[in-house]
>>> print(open('entry00.cif').read())   # mmCIF, C-alpha atoms and all ligand atoms
data_my_file
#
loop_
_atom_site.label_atom_id
_atom_site.label_comp_id
_atom_site.auth_asym_id
_atom_site.auth_seq_id
_atom_site.Cartn_x
_atom_site.Cartn_y
_atom_site.Cartn_z
CA MET A 512 116.62 85.64 8.97
CA GLY A 513 117.47 85.58 12.66
CA ALA A 514 119.52 83.01 14.52
CA SER A 515 116.41 81.10 15.58
CA ASP A 516 115.29 80.79 11.95
CA ASP A 517 118.65 79.32 10.96
CA LEU A 518 118.62 76.83 13.82
CA HIS A 519 115.02 75.88 13.17
CA ALA A 520 115.68 75.25 9.48
CA ARG A 521 118.38 72.79 10.58
CA ALA A 522 116.19 71.26 13.29
CA LEU A 523 113.38 70.61 10.82
CA ARG A 524 115.75 68.37 8.87
CA VAL A 525 116.68 66.15 11.79
CA THR A 526 113.67 66.21 14.14
CA PRO A 527 109.93 65.90 13.42
CA GLY A 528 108.59 69.44 13.42
CA GLY A 529 111.99 70.56 14.67
CA VAL A 530 111.10 69.99 18.32
CA HIS A 531 111.03 67.28 20.96
CA SER A 532 107.58 68.11 22.33
CA PRO A 533 104.89 69.48 20.00
CA VAL A 534 103.87 72.74 21.69
CA ARG A 535 107.43 74.04 21.41
CA ALA A 536 107.05 74.34 17.64
CA PHE A 537 104.83 77.47 17.91
CA ARG A 538 102.28 75.87 15.55
CA GLN A 539 99.47 77.35 17.65
CA VAL A 540 100.78 80.90 17.60
CA GLY A 541 102.63 80.88 14.29
CA GLY A 542 106.17 81.96 13.51
CA THR A 543 109.50 80.35 14.26
CA PRO A 544 110.12 79.06 17.76
CA VAL A 545 112.54 81.24 19.68
CA TYR A 546 115.67 79.25 20.46
CA MET A 547 116.70 79.81 24.06
CA ARG A 548 120.25 79.41 25.28
CA GLU A 549 120.10 80.00 29.03
CA ALA A 550 117.87 81.06 31.88
CA HIS A 551 118.38 82.42 35.38
CA GLY A 552 115.73 83.19 37.95
CA ALA A 553 112.73 84.66 36.14
CA ARG A 554 114.71 85.50 32.99
CA ILE A 555 115.29 83.44 29.87
CA THR A 556 117.72 84.49 27.13
CA ASP A 557 117.51 83.58 23.47
CA VAL A 558 120.38 82.68 21.17
CA GLU A 559 120.70 86.28 20.04
CA GLY A 560 121.07 87.52 23.60
CA ARG A 561 117.53 88.95 23.97
CA GLU A 562 116.21 88.55 27.47
CA TYR A 563 112.57 87.80 28.38
CA ILE A 564 110.71 87.60 31.66
CA ASP A 565 109.65 83.96 31.60
CA PHE A 566 106.08 83.13 32.60
CA CYS A 567 106.00 79.84 30.70
CA LEU A 568 108.66 78.42 33.00
CA ALA A 569 109.01 75.14 31.16
CA PHE A 570 105.30 74.37 31.68
CA GLY A 571 105.42 73.92 35.41
CA PRO A 572 108.47 72.41 37.11
CA LEU A 573 110.22 75.67 38.00
CA ILE A 574 108.31 76.99 41.01
CA LEU A 575 111.60 78.46 42.26
CA GLY A 576 112.46 79.89 38.85
CA HIS A 577 115.41 78.87 36.69
CA GLY A 578 118.62 77.76 38.34
CA ASP A 579 117.68 78.44 41.92
CA PRO A 580 121.06 78.66 43.71
CA GLY A 581 120.09 76.07 46.32
CA VAL A 582 118.92 73.60 43.69
CA VAL A 583 122.00 74.20 41.53
CA ALA A 584 124.28 73.62 44.54
CA ALA A 585 122.47 70.37 45.38
CA VAL A 586 122.69 69.10 41.81
CA ARG A 587 126.34 70.12 41.49
CA ASP A 588 127.15 68.33 44.72
CA ALA A 589 125.26 65.22 43.58
CA ALA A 590 127.06 65.27 40.23
CA THR A 591 130.41 64.96 41.96
CA ARG A 592 129.24 61.69 43.53
CA GLY A 593 127.96 60.01 40.36
CA PHE A 594 125.16 60.52 37.85
CA THR A 595 123.37 57.25 38.35
CA PHE A 596 124.07 54.06 40.22
CA GLY A 597 121.39 51.61 39.22
CA THR A 598 121.40 50.43 42.83
CA ALA A 599 119.59 51.11 46.06
CA ASP A 600 120.67 54.52 47.39
CA PRO A 601 120.03 56.86 50.33
CA TYR A 602 118.96 59.89 48.23
CA SER A 603 115.74 58.43 46.87
CA LEU A 604 115.02 57.12 50.36
CA GLN A 605 115.32 60.63 51.76
CA LEU A 606 112.97 62.09 49.14
CA ALA A 607 110.49 59.24 49.63
CA GLU A 608 110.53 59.84 53.39
CA THR A 609 110.08 63.58 52.89
CA ILE A 610 106.99 62.96 50.79
CA THR A 611 105.41 60.15 52.78
CA SER A 612 105.97 61.95 56.10
CA ARG A 613 104.23 65.07 54.83
CA LEU A 614 101.42 63.68 52.66
CA PRO A 615 99.28 61.14 54.56
CA TRP A 616 97.65 59.87 51.35
CA VAL A 617 101.08 58.85 50.07
CA GLU A 618 101.90 55.87 52.25
CA GLN A 619 104.37 54.59 49.70
CA VAL A 620 105.89 56.11 46.61
CA ARG A 621 107.80 55.02 43.55
CA PHE A 622 109.90 57.41 41.47
CA LEU A 623 109.80 57.37 37.69
CA ASN A 624 111.07 59.64 34.94
CA SER A 625 107.97 61.37 33.58
CA GLY A 626 104.38 62.17 34.42
CA THR A 627 103.30 59.90 31.59
CA GLU A 628 105.05 56.97 33.22
CA ALA A 629 103.59 57.79 36.61
CA VAL A 630 100.08 57.74 35.13
CA MET A 631 100.75 54.47 33.27
CA THR A 632 101.88 52.90 36.52
CA ALA A 633 98.93 54.17 38.55
CA LEU A 634 96.51 52.82 35.96
CA ARG A 635 98.22 49.43 35.81
CA ILE A 636 98.11 49.15 39.60
CA ALA A 637 94.43 50.05 39.56
CA ARG A 638 93.60 47.43 36.96
CA ALA A 639 95.56 44.78 38.81
CA ALA A 640 94.10 45.63 42.20
CA THR A 641 90.49 45.73 41.03
CA GLY A 642 90.59 43.03 38.37
CA ARG A 643 88.68 45.48 36.16
CA THR A 644 89.70 46.95 32.82
CA LYS A 645 87.82 50.16 32.09
CA LEU A 646 89.12 53.61 32.96
CA LEU A 647 87.32 56.91 33.40
CA LYS A 648 88.87 60.22 32.50
CA PHE A 649 87.50 63.73 32.05
CA GLU A 650 87.16 65.95 29.03
CA GLY A 651 89.76 68.70 29.12
CA CYS A 652 92.17 66.83 31.40
CA TYR A 653 95.61 65.73 30.21
CA HIS A 654 97.42 62.76 31.66
CA GLY A 655 100.44 62.39 29.39
CA HIS A 656 100.67 60.24 26.29
CA ALA A 657 99.89 56.68 27.35
CA ASP A 658 97.56 55.07 24.78
CA SER A 659 94.64 54.69 27.19
CA MET A 660 94.73 58.39 28.06
CA LEU A 661 94.91 59.66 24.46
CA VAL A 662 91.18 59.33 24.28
CA GLU A 663 88.62 62.09 24.00
CA ALA A 664 84.87 62.37 24.01
CA GLY A 665 83.63 61.43 20.57
CA SER A 666 80.87 63.21 18.70
CA GLY A 667 78.38 60.39 19.21
CA MET A 668 76.59 59.17 22.35
CA ALA A 669 77.72 60.75 25.63
CA GLY A 670 80.78 58.95 26.91
CA GLU A 671 81.44 57.28 23.56
CA PRO A 672 85.20 57.68 23.20
CA ALA A 673 87.45 58.50 20.23
CA ALA A 674 91.21 58.31 19.79
CA ALA A 675 92.96 61.64 20.35
CA SER A 676 96.00 60.47 18.39
CA ALA A 677 96.72 58.31 15.40
CA GLY A 678 98.20 54.98 16.40
CA VAL A 679 95.95 54.40 19.41
CA PRO A 680 94.19 51.07 18.85
CA ALA A 681 90.40 51.00 18.87
CA ALA A 682 90.56 48.19 21.42
CA VAL A 683 92.37 50.51 23.84
CA VAL A 684 89.96 53.38 23.18
CA ALA A 685 87.06 51.07 23.90
CA ASP A 686 88.22 50.66 27.49
CA THR A 687 88.36 54.37 28.32
CA ARG A 688 85.28 56.40 29.23
CA VAL A 689 85.30 60.18 28.98
CA CYS A 690 83.02 62.27 31.16
CA PRO A 691 82.48 66.04 31.11
CA LEU A 692 83.92 68.08 33.98
CA ASP A 693 81.59 69.95 36.33
CA ASP A 694 78.60 67.73 35.58
CA GLU A 695 77.40 65.57 38.48
CA ALA A 696 74.42 64.29 36.52
CA ALA A 697 76.56 62.92 33.69
CA LEU A 698 78.99 61.49 36.21
CA THR A 699 76.29 59.77 38.22
CA ALA A 700 74.71 58.36 35.05
CA LEU A 701 78.05 56.99 33.92
CA PHE A 702 78.72 55.31 37.26
CA ASP A 703 75.18 53.89 37.30
CA ARG A 704 75.78 52.43 33.86
CA GLU A 705 79.38 51.27 34.12
CA GLY A 706 80.65 51.82 37.66
CA GLY A 707 81.00 48.09 38.20
CA ALA A 708 83.39 47.79 35.25
CA LEU A 709 85.65 50.72 36.09
CA ALA A 710 89.08 50.08 37.59
CA ALA A 711 89.83 53.74 38.18
CA ALA A 712 88.71 57.29 37.65
CA ILE A 713 91.58 59.66 36.95
CA ILE A 714 91.27 63.42 37.15
CA GLU A 715 93.41 66.51 37.36
CA PRO A 716 91.87 67.91 40.56
CA LEU A 717 92.90 71.31 39.21
CA PRO A 718 92.55 70.86 35.44
CA ALA A 719 95.31 73.01 33.96
CA ASN A 720 96.03 71.60 30.53
CA PHE A 721 93.12 73.03 28.56
CA GLY A 722 93.13 76.39 30.11
CA LEU A 723 92.65 76.52 33.86
CA LEU A 724 89.33 74.97 34.86
CA PRO A 725 89.03 75.00 38.67
CA GLN A 726 86.45 72.45 39.78
CA ARG A 727 83.84 72.87 42.47
CA GLN A 728 84.63 71.01 45.68
CA GLU A 729 81.18 69.35 45.43
CA PHE A 730 82.02 67.91 42.02
CA LEU A 731 85.29 66.41 43.25
CA ALA A 732 83.58 65.14 46.39
CA ARG A 733 80.82 63.51 44.32
CA LEU A 734 83.44 61.80 42.18
CA ALA A 735 85.17 60.50 45.30
CA ALA A 736 81.85 59.29 46.74
CA LEU A 737 80.85 57.51 43.54
CA CYS A 738 84.27 55.86 43.37
CA ARG A 739 83.88 54.59 46.92
CA GLN A 740 80.35 53.39 46.29
CA HIS A 741 81.35 51.43 43.18
CA ASP A 742 84.77 50.24 44.43
CA VAL A 743 86.50 52.29 41.76
CA LEU A 744 89.94 53.64 42.61
CA LEU A 745 90.32 57.41 42.57
CA ILE A 746 93.53 58.69 41.00
CA PHE A 747 94.47 62.33 41.39
CA ASP A 748 96.85 63.37 38.64
CA GLU A 749 98.73 66.11 40.44
CA VAL A 750 101.59 66.36 37.97
CA ILE A 751 100.94 70.11 37.69
CA SER A 752 99.10 70.85 40.94
CA GLY A 753 101.28 68.77 43.27
CA PHE A 754 103.59 70.97 45.38
CA ARG A 755 102.21 73.91 43.33
CA THR A 756 98.87 74.82 44.91
CA GLY A 757 100.43 74.17 48.31
CA PHE A 758 102.82 71.48 49.50
CA GLY A 759 99.97 68.98 49.57
CA GLY A 760 98.63 70.01 46.18
CA MET A 761 94.90 69.62 45.63
CA ALA A 762 94.55 66.53 47.84
CA GLY A 763 95.80 68.73 50.67
CA LEU A 764 93.56 71.67 49.78
CA THR A 765 90.36 69.73 49.17
CA GLY A 766 90.79 67.15 51.91
CA ILE A 767 89.74 64.51 49.39
CA ARG A 768 91.91 61.44 49.71
CA PRO A 769 92.83 59.79 46.42
CA ASP A 770 93.72 56.10 46.43
CA LEU A 771 96.61 56.78 44.10
CA VAL A 772 98.29 60.02 43.09
CA THR A 773 100.77 61.02 40.44
CA TYR A 774 103.36 63.76 40.73
CA GLY A 775 105.80 65.21 38.23
CA LYS A 776 107.14 68.61 37.20
CA ILE A 777 107.96 70.32 40.57
CA ILE A 778 108.90 67.04 42.25
CA GLY A 779 112.07 66.97 40.14
CA GLY A 780 112.88 70.67 40.40
CA GLY A 781 113.41 70.83 36.64
CA LEU A 782 115.02 67.42 36.18
CA GLY A 783 113.23 64.33 34.90
CA VAL A 784 111.50 62.99 37.99
CA ALA A 785 107.93 61.87 38.57
CA ALA A 786 106.23 59.70 41.17
CA CYS A 787 103.31 57.39 41.66
CA GLY A 788 102.16 57.04 45.24
CA GLY A 789 99.22 56.21 47.39
CA ARG A 790 97.76 53.58 49.69
CA ALA A 791 100.37 51.07 50.81
CA ASP A 792 98.21 48.06 49.93
CA LEU A 793 97.94 49.35 46.36
CA MET A 794 101.58 50.35 46.03
CA GLN A 795 102.50 46.87 47.30
CA GLN A 796 101.13 45.59 43.99
CA LEU A 797 104.28 46.92 42.30
CA ALA A 798 107.19 44.63 41.51
CA PRO A 799 109.15 43.33 43.27
CA ALA A 800 106.68 43.47 46.18
CA GLY A 801 103.77 42.43 43.98
CA PRO A 802 102.80 41.23 40.50
CA VAL A 803 102.51 44.57 38.64
CA TYR A 804 105.60 45.16 36.53
CA GLN A 805 107.26 48.56 36.31
CA ALA A 806 110.92 49.53 36.12
CA GLY A 807 113.28 52.34 35.07
CA THR A 808 117.00 52.42 34.28
CA LEU A 809 117.36 56.04 35.33
CA ALA A 810 114.53 56.03 37.87
CA ALA A 811 115.40 57.91 41.06
CA ASN A 812 118.79 58.93 39.72
CA PRO A 813 120.73 60.97 42.27
CA LEU A 814 120.75 64.18 40.21
CA GLY A 815 116.98 64.22 39.96
CA MET A 816 116.60 63.25 43.60
CA ALA A 817 118.91 66.10 44.65
CA ALA A 818 117.00 68.66 42.58
CA GLY A 819 113.69 67.39 43.91
CA GLN A 820 114.86 67.29 47.51
CA ALA A 821 116.29 70.81 47.37
CA THR A 822 113.08 72.10 45.79
CA LEU A 823 110.71 70.40 48.22
CA ASP A 824 112.86 71.44 51.19
CA ARG A 825 112.43 75.04 50.10
CA LEU A 826 108.67 74.62 49.81
CA ALA A 827 108.11 72.64 52.99
CA ASP A 828 107.49 75.49 55.43
CA GLY A 829 104.78 77.01 53.24
CA THR A 830 106.17 80.55 53.06
CA ALA A 831 106.83 80.23 49.33
CA TYR A 832 103.10 79.72 48.74
CA LEU A 833 102.23 82.84 50.69
CA ALA A 834 104.69 84.87 48.63
CA LEU A 835 103.28 83.40 45.42
CA GLU A 836 99.73 84.26 46.50
CA ASP A 837 100.85 87.87 47.09
CA LEU A 838 102.26 88.00 43.57
CA GLY A 839 99.04 86.49 42.26
CA GLN A 840 96.89 89.09 43.97
CA LEU A 841 99.07 91.82 42.54
CA LEU A 842 98.45 90.32 39.11
CA ASP A 843 94.70 90.06 39.80
CA ASP A 844 94.54 93.74 40.70
CA ALA A 845 96.64 94.84 37.75
CA THR A 846 94.64 92.87 35.16
CA ARG A 847 91.11 93.38 36.42
CA ASP A 848 90.08 95.58 33.50
CA LEU A 849 92.18 93.87 30.82
CA PRO A 850 90.30 94.14 27.54
CA GLY A 851 89.39 90.87 25.86
CA TRP A 852 90.77 88.51 28.50
CA THR A 853 89.89 87.45 32.03
CA LEU A 854 92.62 86.23 34.32
CA VAL A 855 91.76 82.87 35.90
CA ARG A 856 94.15 82.06 38.72
CA HIS A 857 94.61 79.42 41.37
CA GLY A 858 97.66 80.28 43.47
CA SER A 859 100.58 80.56 41.05
CA VAL A 860 98.77 78.85 38.15
CA CYS A 861 97.31 81.44 35.81
CA TRP A 862 95.40 81.48 32.55
CA LEU A 863 93.93 84.06 30.24
CA HIS A 864 90.34 83.14 29.50
CA PRO A 865 88.99 84.74 26.31
CA ALA A 866 86.31 87.19 27.44
CA ASP A 867 84.23 86.71 24.27
CA ALA A 868 83.53 83.16 25.46
CA GLY A 869 81.53 84.54 28.38
CA PRO A 870 82.52 84.22 32.01
CA PRO A 871 85.18 81.59 32.85
CA ARG A 872 83.73 78.09 32.97
CA ARG A 873 84.70 74.87 34.66
CA ALA A 874 84.70 72.82 31.48
CA PRO A 875 86.63 73.22 28.22
CA GLY A 876 85.11 74.95 25.21
CA ALA A 877 86.22 78.58 25.44
CA LEU A 878 89.01 78.21 22.91
CA THR A 879 87.28 79.04 19.66
CA PRO A 880 89.42 79.58 16.54
CA ALA A 881 88.88 83.33 17.00
CA ALA A 882 90.12 83.19 20.59
CA ARG A 883 93.16 81.18 19.53
CA ALA A 884 93.94 83.74 16.83
CA ARG A 885 93.65 86.58 19.34
CA TYR A 886 95.99 84.71 21.65
CA ALA A 887 98.53 84.33 18.86
CA THR A 888 98.54 88.11 18.40
CA LEU A 889 98.86 88.65 22.14
CA PHE A 890 101.69 86.12 22.38
CA HIS A 891 103.77 87.81 19.69
CA ARG A 892 103.21 91.27 21.12
CA LEU A 893 104.31 90.03 24.55
CA LEU A 894 107.36 88.42 22.99
CA ALA A 895 108.27 91.72 21.34
CA ALA A 896 107.84 93.41 24.72
CA GLY A 897 110.28 90.99 26.36
CA ILE A 898 107.81 88.58 27.93
CA TYR A 899 107.87 84.86 27.22
CA PHE A 900 104.41 83.32 27.52
CA PRO A 901 103.32 79.76 26.69
CA PRO A 902 103.00 79.35 22.91
CA SER A 903 99.42 78.06 23.07
CA ALA A 904 96.13 79.55 24.24
CA ALA A 905 95.39 76.28 26.04
CA GLU A 906 98.48 76.44 28.25
CA VAL A 907 98.52 78.01 31.67
CA PHE A 908 101.33 80.32 32.76
CA PHE A 909 103.13 80.30 36.06
CA LEU A 910 104.38 82.61 38.76
CA SER A 911 107.54 81.57 40.57
CA THR A 912 109.35 82.69 43.68
CA ALA A 913 111.95 84.16 41.32
CA HIS A 914 109.45 86.69 40.00
CA SER A 915 109.46 90.09 41.68
CA ASP A 916 106.58 92.50 42.11
CA GLU A 917 108.20 94.53 39.30
CA ASP A 918 108.08 91.51 36.99
CA VAL A 919 104.37 91.08 37.64
CA VAL A 920 103.73 94.80 37.10
CA ALA A 921 105.74 94.62 33.86
CA LEU A 922 103.58 91.70 32.75
CA ALA A 923 100.37 93.55 33.54
CA GLU A 924 101.56 96.63 31.64
CA ALA A 925 102.58 94.54 28.65
CA LEU A 926 99.23 92.76 28.73
CA HIS A 927 97.36 96.05 28.71
CA GLU A 928 99.45 97.22 25.74
CA ALA A 929 99.05 93.96 23.87
CA ALA A 930 95.50 92.92 24.66
CA THR A 931 92.77 93.20 22.06
C1 LIG B 1 102.57 67.40 32.32
C2 LIG B 1 101.48 66.48 32.73
C3 LIG B 1 101.54 65.08 32.52
C4 LIG B 1 102.63 64.45 31.72
O1 LIG B 1 103.88 64.57 32.31
P1 LIG B 1 105.18 64.36 31.39
O2 LIG B 1 106.31 64.46 32.36
O3 LIG B 1 105.15 65.45 30.37
O4 LIG B 1 105.06 63.01 30.78
C5 LIG B 1 100.55 64.29 33.05
N1 LIG B 1 99.53 64.82 33.74
C6 LIG B 1 99.42 66.14 33.95
C7 LIG B 1 98.29 66.67 34.76
C8 LIG B 1 100.39 67.01 33.44
O5 LIG B 1 100.25 68.32 33.62
#
>>> encode(input="entry00.cif", output="structure tokens", more="lines below")
Ligand SMILES: *Cc1c(COP(=O)(O)O)cnc(C)c1O
Amino acid sequence: MGASDDLHARALRVTPGGVHSPVRAFRQVGGTPVYMREAHGARITDVEGREYIDFCLAFGPLILGHGDPGVVAAVRDAATRGFTFGTADPYSLQLAETITSRLPWVEQVRFLNSGTEAVMTALRIARAATGRTKLLKFEGCYHGHADSMLVEAGSGMAGEPAAASAGVPAAVVADTRVCPLDDEAALTALFDREGGALAAAIIEPLPANFGLLPQRQEFLARLAALCRQHDVLLIFDEVISGFRTGFGGMAGLTGIRPDLVTYGKIIGGGLGVAACGGRADLMQQLAPAGPVYQAGTLAANPLGMAAGQATLDRLADGTAYLALEDLGQLLDDATRDLPGWTLVRHGSVCWLHPADAGPPRRAPGALTPAARARYATLFHRLLAAGIYFPPSAAEVFFLSTAHSDEDVVALAEALHEAAT
């Protein structure tokens, strides 16, 4: 029994599944979760002192790696002034001005504590602004754990939804429509049928929560056009892609202007910060300016604002993205003939697509039980080789500015050793 086993036995007694977010429990790869005690740069260290090159990177916030010195200094400085005020403050103003001055589709912004909350708020604004109830989401996209988003395509008629979690009321499920990705015909049919009842369509413009499923520009453009045509609000959920695929995320890259957008992960530099932003007339719906209620005790707390500001300031001139693309191309080259897996990559977001599922697709479905089992083997071999990967075949992995060329080469070598 190792130290992680002892800790996990204790954790199982006091916490459901021993963890505070399900994927951390290693259920999808088997074995005991490795208990980590600290992390610096691209390295994470477990409670027994074993060091790993970290490519999971906490599932997305750490584009600068762990404990970037500039971010740490900003947070330390903020901590000396107070953890939270519960008042108006200049720090959230500065971050809001940074974002709105750089991203034209974010005319106004509100900070919240998690991506889930940001999505909840965007959806509530959309329903209030349109006076409509129904929501459209896409199969293979994740938007956090609000009831209305824990809905998946059912097995029945196309678009007929089913709850993706126990405890989600049927009445809530009934108001969410689920459409396949990468399918203009299905999308058009759905809008023809129900466009007039939809308040909003929400999509990850770079779906990265069920593998990495880059969408065609034409598909995203069609969605935007249908939304406009039917007066449906378009919400880009950029909780992963925002400030990751470029400072402007996917809205910046595609030139498609969402009505509302959600950010999380990178925007807080590793602390609990998220944001809902968009057109001023829509954001003006939010209390106290308008009738849509939303609030947060710790919202825009100065520690989170400092971490976010320091992170975005580092990303603002764009050089970080060029460096990340160089690392990505190195990884492309070094994994081109990897047996059993195909690297799918968009900037610093990477995923191993199981080769037995055919060429990478733009819709979910590649993760057969056999592919998941192969991933579990790969994961544990990487772990033994000193590489920490996400503990699920469905999760993407990340490059950060803290990774060196040598780290990427080490990953590629370990992958070649471990791949089956
Ligand atoms: C992570 C994520 C969320 C949820 O954010 P939390 O902070 O975990 O609540 C929502 N949408 C997308 C696209 C995400 O990747």
>>> residues_near_point(input="entry00.cif", point="(102.5, 47.7, 48.9)", cutoff="9 Å", atoms="all atoms listed in the file", output="PyMOL selection string")
chain A and resi 618-619+790-797+800-801
>>> write_last_selection(input="entry00.cif", atoms="C-alpha atoms", output="short mmCIF file (atom, residue, chain, number, x, y, z; two decimals), keeping the file's coordinate frame")
data_model
loop_
_atom_site.label_atom_id
_atom_site.label_comp_id
_atom_site.auth_asym_id
_atom_site.auth_seq_id
_atom_site.Cartn_x
_atom_site.Cartn_y
_atom_site.Cartn_z
CA GLU A 618 101.90 55.87 52.25
CA GLN A 619 104.37 54.59 49.70
CA ARG A 790 97.76 53.58 49.69
CA ALA A 791 100.37 51.07 50.81
CA ASP A 792 98.21 48.06 49.93
CA LEU A 793 97.94 49.35 46.36
CA MET A 794 101.58 50.35 46.03
CA GLN A 795 102.50 46.87 47.30
CA GLN A 796 101.13 45.59 43.99
CA LEU A 797 104.28 46.92 42.30
CA ALA A 800 106.68 43.47 46.18
CA GLY A 801 103.77 42.43 43.98
#
>>> residues_near_ligand(input="entry00.cif", ligand="ligand LIG 1 (chain B)", cutoff="9 Å", atoms="all atoms listed in the file", output="NGL selection string")
:A and (532 or 570-571 or 624-630 or 652-657 or 714-720 or 747-752 or 773-776 or 783-785)
>>> closest_residue(input="entry00.cif", among="A:Pro691, A:Tyr546, A:Ala685, A:Pro580", to="A:Arg825", atoms="all atoms listed in the file")
A:Pro580
>>> residues_around(input="entry00.cif", residues="A:Gly763", least_positions_apart="3", cutoff="10 Å", atoms="all atoms listed in the file", output="ChimeraX atom specification")
/A:614-616,753-754,756-760,766-768
>>> atom_distance(input="entry00.cif", atom1="atom CA of A:Leu634", atom2="atom CA of A:Leu692")
19.9 Å
>>> atom_distance(input="entry00.cif", atom1="atom CA of A:Gly788", atom2="atom CA of A:Ala637")
11.9 Å
>>> atom_distance(input="entry00.cif", atom1="atom CA of A:Thr641", atom2="atom CA of A:Cys738")
12.1 Å
>>> closest_residue(input="entry00.cif", among="A:Gly722, A:Gly593, A:Gly707, A:Gly560", to="A:Leu878", atoms="only C-alpha atoms")
A:Gly722
>>> residues_around(input="entry00.cif", residues="A:Gly581", least_positions_apart="3", cutoff="10 Å", atoms="only C-alpha atoms", output="PyMOL selection string")
chain A and resi 575+578+584-587+818+821-822+824-825
>>> residues_around(input="entry00.cif", residues="A:Asp658", least_positions_apart="6", cutoff="12 Å", atoms="all atoms listed in the file", output="MDAnalysis selection string")
chainID A and resid 627:628 630:631 634 646 673:687
>>> residues_near_point(input="entry00.cif", point="(111.5, 66.0, 52.7)", cutoff="12 Å", atoms="only C-alpha atoms", output="mmCIF file with C-alpha atoms, keeping the file's coordinate frame")
data_model
loop_
_atom_site.group_PDB
_atom_site.id
_atom_site.type_symbol
_atom_site.label_atom_id
_atom_site.label_comp_id
_atom_site.auth_asym_id
_atom_site.auth_seq_id
_atom_site.Cartn_x
_atom_site.Cartn_y
_atom_site.Cartn_z
ATOM 1 C CA TYR A 602 118.960 59.890 48.230
ATOM 2 C CA SER A 603 115.740 58.430 46.870
ATOM 3 C CA LEU A 604 115.020 57.120 50.360
ATOM 4 C CA GLN A 605 115.320 60.630 51.760
ATOM 5 C CA LEU A 606 112.970 62.090 49.140
ATOM 6 C CA ALA A 607 110.490 59.240 49.630
ATOM 7 C CA GLU A 608 110.530 59.840 53.390
ATOM 8 C CA THR A 609 110.080 63.580 52.890
ATOM 9 C CA ILE A 610 106.990 62.960 50.790
ATOM 10 C CA THR A 611 105.410 60.150 52.780
ATOM 11 C CA SER A 612 105.970 61.950 56.100
ATOM 12 C CA ARG A 613 104.230 65.070 54.830
ATOM 13 C CA LEU A 614 101.420 63.680 52.660
ATOM 14 C CA PHE A 754 103.590 70.970 45.380
ATOM 15 C CA PHE A 758 102.820 71.480 49.500
ATOM 16 C CA ILE A 778 108.900 67.040 42.250
ATOM 17 C CA MET A 816 116.600 63.250 43.600
ATOM 18 C CA ALA A 817 118.910 66.100 44.650
ATOM 19 C CA ALA A 818 117.000 68.660 42.580
ATOM 20 C CA GLY A 819 113.690 67.390 43.910
ATOM 21 C CA GLN A 820 114.860 67.290 47.510
ATOM 22 C CA ALA A 821 116.290 70.810 47.370
ATOM 23 C CA THR A 822 113.080 72.100 45.790
ATOM 24 C CA LEU A 823 110.710 70.400 48.220
ATOM 25 C CA ASP A 824 112.860 71.440 51.190
ATOM 26 C CA ARG A 825 112.430 75.040 50.100
ATOM 27 C CA LEU A 826 108.670 74.620 49.810
ATOM 28 C CA ALA A 827 108.110 72.640 52.990
ATOM 29 C CA ASP A 828 107.490 75.490 55.430
#
>>> residues_around(input="entry00.cif", residues="stretch 862-867 of chain A", least_positions_apart="6", cutoff="6 Å", atoms="all atoms listed in the file", output="JSON, numbers by chain")
{"A": [723, 851, 852, 853, 854, 855, 907]}
>>> write_last_selection(input="entry00.cif", atoms="C-alpha atoms", output="PDB file, in the frame of the given file")
ATOM      1  CA  LEU A 723      92.650  76.520  33.860  1.00  0.00           C
ATOM      2  CA  GLY A 851      89.390  90.870  25.860  1.00  0.00           C
ATOM      3  CA  TRP A 852      90.770  88.510  28.500  1.00  0.00           C
ATOM      4  CA  THR A 853      89.890  87.450  32.030  1.00  0.00           C
ATOM      5  CA  LEU A 854      92.620  86.230  34.320  1.00  0.00           C
ATOM      6  CA  VAL A 855      91.760  82.870  35.900  1.00  0.00           C
ATOM      7  CA  VAL A 907      98.520  78.010  31.670  1.00  0.00           C
TER       8      VAL A 907
END
>>> closest_residue(input="entry00.cif", among="A:Ala930, A:Ala633, A:Val583, A:Ile898", to="A:Cys567", atoms="all atoms listed in the file")
A:Ile898
>>> residues_around(input="entry00.cif", residues="A:Leu849", least_positions_apart="6", cutoff="9 Å", atoms="all atoms listed in the file", output="VMD selection string")
chain A and resid 923 926 to 927 930 to 931
>>> closest_residue(input="entry00.cif", among="A:Leu661, A:Ala522, A:Leu737, A:Ala708", to="A:Ala696", atoms="all atoms listed in the file")
A:Leu737
>>> closest_residue(input="entry00.cif", among="A:Glu836, A:Glu705, A:Glu663, A:Glu695", to="A:Thr644", atoms="all atoms listed in the file")
A:Glu705
>>> closest_residue(input="entry00.cif", among="A:Val540, A:Cys787, A:Ala806, A:Ala711", to="A:Arg892", atoms="all atoms listed in the file")
A:Val540
